[in-house]
Amino acid sequence: VKSAISKEVSFHFSLFTKHFFKMEQFTIETGGHVSKILLGEKLANFRNYLPKGKKVVIVTDANLLKHYSQYFSEYPVIEIQQGEGNKNINTVDYIMEKLVSFEADRSTFIVGIGGGIVCDVTGFAASVYMRGLSFGFVSSTLLSMVDASVGGKNGINHRGYKNMVGTFKQPDFVICDYSLLLTLERKEFLGGFAEIIKHAAIKDFAMFEYMEQNFEKALNYDMDVLHRLIRDSIVIKSKVVEQDEKEQGERKKLNFGHTFAHSLEKHTDLSHGEAVAVGMVYASRVSVALGLISQADVERLIRLVVKYQLPISVGIDKKTLFDGMKKDKKRDGDGLHLILLQKIGDAVIKNITYSQLEGFIDDLYSA
Ligand SMILES: NC(=O)c1ccc[n+]([C@@H]2O[C@H](COP(=O)([O-])OP(=O)(O)OC[C@H]3O[C@@H](n4cnc5c(N)ncnc54)[C@H](O)[C@@H]3O)[C@@H](O)[C@H]2O)c1
Ligand SMILES: [Zn+2]
């Protein structure tokens, strides 16, 4: 796999920030395919990145239509239902049916405009319809900007189990228009910080310190701070993806907190971001139990999670948590691998047996 991240910086006038705002472009190359990540670009400009002379179909949801339909009204639109419960094969089936009715063919270009759910379902449908159409995303949530829209994993849930079915196919472009964050519900906005903390915790101590120092600005939609956090997240994620697109090793580290989170998400009413926050805390506590990291560092991580107004624990009985984790797709024979921390900014992948995991969960509940 040829690998390169290149970067171009340009400036444009943003009505939203009322000052010159930096636009940054990254290109991610995986197996010869080039994906453009456009930070600070505007939704209104997405047509500049469309292939010329091709039919275009938009996939989005009701919230995006409510706030932003004027920006894509000339294209046929497929509206999908919201929520994790709809990230499934029925929604993909619905998209296929609509694509057929719009006479989409192999040259049709699909644009997903929305959060992680729209991006995942759109990427999946686009990568299997007629054996694969090209597609792009306009990411509209903080979580999808920093995580879901980058990396080419397009997963759907199967009978309640997260991302059990999916494809690897990279979008041609991803636009992150920060002004879209202003219409996002506060709870959804906060959830995005969980994935940002994840990136700092596994790879970048300096970013972790920056998050500690700038949390008030970040929570107040300071665009320079958000830009730095989104950019750093994307750089971390794209480097890992370029090194290990198919998740043979290094990419697994991006699952820090997620084996716990997937069970928590299924069995409690936590959102994905909130579940990742709790999952990171649990995984860090396991890291202490194994003697990998100091208690003081874990307390520091917990303080950061609290600063970003995310949960650090949730009521769930330990058997339910354990059973949910056993069904995670990261299982591997009679055990699974957990991503643990040895320092803030440095993660390791550990294979553990189910009986070890059960012991760790007992410890979490008795502490
Ligand atoms: N493919 C990947 O690599 C990857 C990575 C991380 C997460 N994910 C997936 O992403 C999903 C979560 O994504 P999410 O948190 O973006 O949730 P989401 O897509 O459900 O969006 C959250 C809610 O916000 C609304 N919304 C979105 N943008 C808006 C805006 N600008 N203004 C107003 N409302 C808006 C949506 O309609 C929805 O109701 C999960 O299914 C997760 O598994 C995938
Ligand atoms: Zn996640």
# chains A, B, ... in the order shown; residues from 1 in each chain; ligands from 1
call {"tool": "closest_atom_pairs", "arguments": {"of": "chain A", "to": "ligand 1", "cutoff": "7 Å", "atoms": "only C-alpha atoms and all ligand atoms", "output": "JSON lines"}}
result
{"residue": "A:Asp61", "atom": "CA", "partner": "ligand 1", "partner_atom_place_in_ligand_line": "37 (O)", "distance": 5.7}
{"residue": "A:Ala62", "atom": "CA", "partner": "ligand 1", "partner_atom_place_in_ligand_line": "37 (O)", "distance": 6.2}
{"residue": "A:Asn63", "atom": "CA", "partner": "ligand 1", "partner_atom_place_in_ligand_line": "37 (O)", "distance": 4.5}
{"residue": "A:Leu64", "atom": "CA", "partner": "ligand 1", "partner_atom_place_in_ligand_line": "29 (C)", "distance": 5.9}
{"residue": "A:His67", "atom": "CA", "partner": "ligand 1", "partner_atom_place_in_ligand_line": "32 (N)", "distance": 6.9}
{"residue": "A:Gln82", "atom": "CA", "partner": "ligand 1", "partner_atom_place_in_ligand_line": "39 (O)", "distance": 5.5}
{"residue": "A:Gly83", "atom": "CA", "partner": "ligand 1", "partner_atom_place_in_ligand_line": "20 (O)", "distance": 5.0}
{"residue": "A:Glu84", "atom": "CA", "partner": "ligand 1", "partner_atom_place_in_ligand_line": "41 (O)", "distance": 5.6}
{"residue": "A:Lys87", "atom": "CA", "partner": "ligand 1", "partner_atom_place_in_ligand_line": "41 (O)", "distance": 6.8}
{"residue": "A:Gly114", "atom": "CA", "partner": "ligand 1", "partner_atom_place_in_ligand_line": "28 (N)", "distance": 5.1}
{"residue": "A:Gly115", "atom": "CA", "partner": "ligand 1", "partner_atom_place_in_ligand_line": "19 (O)", "distance": 3.3}
{"residue": "A:Gly116", "atom": "CA", "partner": "ligand 1", "partner_atom_place_in_ligand_line": "13 (O)", "distance": 3.1}
{"residue": "A:Ile117", "atom": "CA", "partner": "ligand 1", "partner_atom_place_in_ligand_line": "19 (O)", "distance": 3.8}
{"residue": "A:Val118", "atom": "CA", "partner": "ligand 1", "partner_atom_place_in_ligand_line": "19 (O)", "distance": 5.5}
{"residue": "A:Asp120", "atom": "CA", "partner": "ligand 1", "partner_atom_place_in_ligand_line": "1 (N)", "distance": 5.4}
{"residue": "A:Ser140", "atom": "CA", "partner": "ligand 1", "partner_atom_place_in_ligand_line": "28 (N)", "distance": 4.2}
{"residue": "A:Thr141", "atom": "CA", "partner": "ligand 1", "partner_atom_place_in_ligand_line": "28 (N)", "distance": 4.7}
{"residue": "A:Leu142", "atom": "CA", "partner": "ligand 1", "partner_atom_place_in_ligand_line": "16 (O)", "distance": 6.8}
{"residue": "A:Leu143", "atom": "CA", "partner": "ligand 1", "partner_atom_place_in_ligand_line": "16 (O)", "distance": 5.1}
{"residue": "A:Ser144", "atom": "CA", "partner": "ligand 1", "partner_atom_place_in_ligand_line": "16 (O)", "distance": 4.7}
{"residue": "A:Asp147", "atom": "CA", "partner": "ligand 1", "partner_atom_place_in_ligand_line": "5 (C)", "distance": 4.6}
{"residue": "A:Ala148", "atom": "CA", "partner": "ligand 1", "partner_atom_place_in_ligand_line": "5 (C)", "distance": 3.3}
{"residue": "A:Ser149", "atom": "CA", "partner": "ligand 1", "partner_atom_place_in_ligand_line": "1 (N)", "distance": 6.2}
{"residue": "A:Val150", "atom": "CA", "partner": "ligand 1", "partner_atom_place_in_ligand_line": "3 (O)", "distance": 6.4}
{"residue": "A:Gly151", "atom": "CA", "partner": "ligand 1", "partner_atom_place_in_ligand_line": "3 (O)", "distance": 5.9}
{"residue": "A:Gly152", "atom": "CA", "partner": "ligand 1", "partner_atom_place_in_ligand_line": "1 (N)", "distance": 6.6}
{"residue": "A:Lys153", "atom": "CA", "partner": "ligand 1", "partner_atom_place_in_ligand_line": "1 (N)", "distance": 4.5}
{"residue": "A:Asn154", "atom": "CA", "partner": "ligand 1", "partner_atom_place_in_ligand_line": "1 (N)", "distance": 5.1}
{"residue": "A:Gly155", "atom": "CA", "partner": "ligand 1", "partner_atom_place_in_ligand_line": "1 (N)", "distance": 6.1}
{"residue": "A:Lys162", "atom": "CA", "partner": "ligand 1", "partner_atom_place_in_ligand_line": "43 (O)", "distance": 6.9}
{"residue": "A:Asn163", "atom": "CA", "partner": "ligand 1", "partner_atom_place_in_ligand_line": "43 (O)", "distance": 6.7}
{"residue": "A:Leu180", "atom": "CA", "partner": "ligand 1", "partner_atom_place_in_ligand_line": "31 (N)", "distance": 4.2}
{"residue": "A:Leu181", "atom": "CA", "partner": "ligand 1", "partner_atom_place_in_ligand_line": "31 (N)", "distance": 5.1}
{"residue": "A:Leu182", "atom": "CA", "partner": "ligand 1", "partner_atom_place_in_ligand_line": "32 (N)", "distance": 6.8}
{"residue": "A:Thr183", "atom": "CA", "partner": "ligand 1", "partner_atom_place_in_ligand_line": "32 (N)", "distance": 4.0}
{"residue": "A:Leu184", "atom": "CA", "partner": "ligand 1", "partner_atom_place_in_ligand_line": "32 (N)", "distance": 3.8}
{"residue": "A:Glu185", "atom": "CA", "partner": "ligand 1", "partner_atom_place_in_ligand_line": "34 (N)", "distance": 6.2}
{"residue": "A:Glu188", "atom": "CA", "partner": "ligand 1", "partner_atom_place_in_ligand_line": "22 (C)", "distance": 5.9}
{"residue": "A:Gly191", "atom": "CA", "partner": "ligand 1", "partner_atom_place_in_ligand_line": "15 (O)", "distance": 6.8}
{"residue": "A:Gly192", "atom": "CA", "partner": "ligand 1", "partner_atom_place_in_ligand_line": "15 (O)", "distance": 6.8}
{"residue": "A:His272", "atom": "CA", "partner": "ligand 1", "partner_atom_place_in_ligand_line": "40 (C)", "distance": 5.9}
{"residue": "A:Gly273", "atom": "CA", "partner": "ligand 1", "partner_atom_place_in_ligand_line": "15 (O)", "distance": 6.7}
call {"tool": "residues_around", "arguments": {"residues": "segment 31-47 of chain A", "least_positions_apart": "3", "cutoff": "7 Å", "atoms": "only C-alpha atoms", "output": "ChimeraX atom specification"}}
result
/A:1-2,22-28,50,71,138,170-178
call {"tool": "residues_around", "arguments": {"residues": "segment 100-109 of chain A", "least_positions_apart": "2", "cutoff": "8 Å", "atoms": "only C-alpha atoms", "output": "PyMOL selection string"}}
result
chain A and resi 50-51+54-57+76+96-98+111+130+132-136
call {"tool": "closest_residue", "arguments": {"among": "A:Asp317, A:Glu247, A:Asp222, A:Glu265", "to": "ligand 2", "atoms": "only C-alpha atoms and all ligand atoms"}}
result
A:Glu265
call {"tool": "closest_residue", "arguments": {"among": "A:Gly249, A:Gly315, A:Gly85, A:Gly160", "to": "His262 of chain A", "atoms": "only C-alpha atoms"}}
result
A:Gly160
call {"tool": "atom_distance", "arguments": {"atom1": "atom CA of Val165 of chain A", "atom2": "atom CA of Glu245 of chain A"}}
result
16.7 Å
call {"tool": "select_by_dssp", "arguments": {"residues": "segment 121-238 of chain A", "states": "alpha helix (DSSP H)", "output": "PyMOL selection string"}}
result
chain A and resi 121-128+142-143+186-203+205-213+215-219+223-238
call {"tool": "closest_residue", "arguments": {"among": "A:Arg285, A:Lys327, A:Lys198, A:Lys350", "to": "ligand 2", "atoms": "only C-alpha atoms and all ligand atoms"}}
result
A:Lys198
call {"tool": "atom_distance", "arguments": {"atom1": "atom CA of His158 of chain A", "atom2": "atom CA of Gly257 of chain A"}}
result
20.7 Å
call {"tool": "residues_around", "arguments": {"residues": "Tyr210 of chain A", "least_positions_apart": "3", "cutoff": "12 Å", "atoms": "only C-alpha atoms", "output": "PDB file with C-alpha atoms, in the first residue's frame"}}
result
ATOM      1  CA  ILE A 196     -11.027  13.479  20.139  1.00  0.00           C
ATOM      2  CA  ILE A 197      -9.904  12.540  23.660  1.00  0.00           C
ATOM      3  CA  ALA A 200      -5.025  12.222  22.153  1.00  0.00           C
ATOM      4  CA  ALA A 201      -4.992   9.410  24.726  1.00  0.00           C
ATOM      5  CA  ASP A 204      -0.555  12.400  21.284  1.00  0.00           C
ATOM      6  CA  PHE A 205       0.308  13.691  24.743  1.00  0.00           C
ATOM      7  CA  ALA A 206       0.754  17.292  23.504  1.00  0.00           C
ATOM      8  CA  MET A 207      -2.768  17.240  22.094  1.00  0.00           C
ATOM      9  CA  GLN A 213      -5.829  23.896  28.593  1.00  0.00           C
ATOM     10  CA  ASN A 214      -8.486  24.831  26.050  1.00  0.00           C
ATOM     11  CA  PHE A 215     -11.592  22.986  27.128  1.00  0.00           C
ATOM     12  CA  GLU A 216     -13.625  26.121  27.836  1.00  0.00           C
ATOM     13  CA  LYS A 217     -12.904  27.564  24.403  1.00  0.00           C
ATOM     14  CA  ALA A 218     -13.641  24.241  22.749  1.00  0.00           C
ATOM     15  CA  VAL A 225      -9.544  25.502  18.921  1.00  0.00           C
ATOM     16  CA  LEU A 226     -12.064  23.249  17.182  1.00  0.00           C
ATOM     17  CA  ARG A 228      -6.870  22.349  15.798  1.00  0.00           C
ATOM     18  CA  LEU A 229      -8.642  19.437  17.522  1.00  0.00           C
ATOM     19  CA  ASP A 232      -5.039  16.728  14.888  1.00  0.00           C
ATOM     20  CA  LEU A 304     -10.370  15.459  31.110  1.00  0.00           C
TER      21      LEU A 304
END
call {"tool": "residues_around", "arguments": {"residues": "Leu321 of chain A", "least_positions_apart": "2", "cutoff": "9 Å", "atoms": "only C-alpha atoms", "output": "list in words"}}
result
Phe260, Ser263, Leu264, His267, Ile316, Asp317, Lys318, Lys319, Asp323, Gly324, Met325, Lys326 and Ile361 of chain A
call {"tool": "select_by_dssp", "arguments": {"residues": "segment 61-301 of chain A", "states": "strand (DSSP E or B)", "output": "ChimeraX atom specification"}}
result
/A:61,77-80,109-114,134-139,153-158,161-168,173-176
call {"tool": "closest_residue", "arguments": {"among": "A:Leu190, A:Ile293, A:Val278, A:Val235", "to": "His258 of chain A", "atoms": "only C-alpha atoms"}}
result
A:Val278
call {"tool": "closest_residue", "arguments": {"among": "A:Phe360, A:Phe193, A:Tyr354, A:Tyr68", "to": "ligand 2", "atoms": "only C-alpha atoms and all ligand atoms"}}
result
A:Phe193
call {"tool": "residues_around", "arguments": {"residues": "segment 288-292 of chain A", "least_positions_apart": "4", "cutoff": "12 Å", "atoms": "only C-alpha atoms", "output": "number ranges by chain"}}
result
A: 281-284, 296-299, 338-344, 346-350, 352, 356-357, 359-364, 367
call {"tool": "closest_residue", "arguments": {"among": "A:His337, A:Lys266, A:Arg159, A:Lys203", "to": "Ser233 of chain A", "atoms": "only C-alpha atoms"}}
result
A:Lys203
